[in-house]
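Single-structure report; data block below.
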Amino acid sequence: MSNYRDIAWQGLWKNNPGLVQLLGLCPLLAVTATLTNAIGLGLATLVVLVGSNILVSLVRDYVPKEIRIPVFVMIIAALVTCVQLLINAYAYGLYLSLGIFLPLIVTNCVIIGRAEAFASRNTVSKAAFDGLMMGLGFTLVLMMLGACREILGQGTLFDGANLLLGEWAADLTIHFWQVDTNFLLAMLPPGAFIAMGFLIAAKNIIDDKIAAHRPTPEPEQAVTRVRITKVS
């Protein structure tokens, strides 16, 4: 159980792919103008990450080391195609909103990295749990970034939720204030870089406070050795 707890801690906080590893920043910064887009891309990435980790762990003993990366990419590409078709069928508005960044999940370094570094060396259960925690950590960063940018940029939250959940979710939009024109700095990629910097800084501050409150180990006391001389 402690091993699984460590996997969860690594994925959600200590080795978070968005805040620590800084992987997958291209879609993370490009499509998080709204919280809805962030949730959609995060869930798609999570599904692909869990599925690829499971499949890679299943075939790890049958794939020669020389061709393991191409095989991993083929597995990820097949899963991304399935997810892309499902989103196209059941959430077409979100599919149009995410655009090219859906198929680009194939090249997401988070997925390829976990397949190579963890799934190819561990059991199916551990690989699936690692994919779930890494995917959740990545999705949470997307959601925080998307929420900050949407509130600052257009004064709303959950705008376009109907694209993800259906027409009934149109009433979920929260309006904080009315703006005549959107705050473009928050909506464009430069604003995403700035917001991402604040999130990373906040995590570092929290880590420093945790380390400061952690009890320091007591220094080991030196052992005085007594030399016995033989008297003849």
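Every chain in the structure tokens takes a letter, A first, then B, and so on in the order presented; its residues are numbered from 1, and the ligands are numbered from 1 following the presented order.
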Query - Spatial neighbours of A:Leu55, max dist 9 Å, only C-alpha atoms, sep filter under 4 positions, as a ChimeraX atom specification - result: /A:50-51,59-60,72,75,119,124
Query raised in the report: Using only C-alpha atoms, which residues sit within 6 Å of stretch 28-33 of chain A once same-chain residues fewer than 3 positions away are excluded, as a PyMOL selection string?
Result: chain A and resi 25+37-38+146+149-150+187+192
Query raised in the report: What gap, in Å, lies between atom CA of A:Val73 and atom CA of A:Thr107?
Result: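 Atom-to-atom, atom CA of A:Val73 to atom CA of A:Thr107, that is 8.2 Å.
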Report task. Find the distance between atom CA of A:Ile100 and atom CA of A:Phe129 and write it in Å to one decimal. Result ->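 A separation of 28.1 Å between them.
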Query - Atom pair atom CA of A:Leu94 / atom CA of A:Leu163: separation (Å) - result: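 Atom-to-atom, atom CA of A:Leu94 and atom CA of A:Leu163 are spaced 5.1 Å apart.
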Query raised in the report: Where does DSSP see alpha helix (DSSP H) in stretch 39-199 of chain A, if you list the residues as number ranges by chain?
Result: A: 39-59, 68-90, 92-98, 109-117, 124-154, 162-165, 184-187, 189-199
Query - Proximity to A:Thr34 - best of A:Val110, A:Leu199, A:Ala117, A:Cys148, only C-alpha atoms - result: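 The answer is A:Cys148, which sits nearest to A:Thr34.
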Requested in this report: Using only C-alpha atoms, find the one residue out of A:Leu184, A:Leu98, A:Met144, A:Leu35 that sits nearest to A:Phe198.
Outcome: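 Comparing A:Leu184, A:Leu98, A:Met144, A:Leu35 against A:Phe198, the winner is A:Met144.
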Report task. Determine which residues of stretch 16-211 of chain A receive a DSSP assignment of strand (DSSP E), computed from the backbone, and state them as number ranges by chain. Result -> A: 156-157, 174-175
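Residues within 8 Å of stretch 175-178 of chain A, counting only C-alpha atoms and excluding same-chain residues fewer than 2 positions away, are Ile151, Gln154, Gly155, Thr156, Leu157, Thr173 and Asp180 of chain A.
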Query - Given only C-alpha atoms as the counted atoms, nearest of A:Ala186, A:Lys65, A:Thr139, A:Leu104 to A:Gly153 - result: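 Selected residue with least distance to A:Gly153: A:Ala186.
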Query - Who sits within 8 Å of stretch 82-85 of chain A, only C-alpha atoms, same chain under 5 positions skipped, as a PyMOL selection string - result: chain A and resi 44+47-48+95+102-103
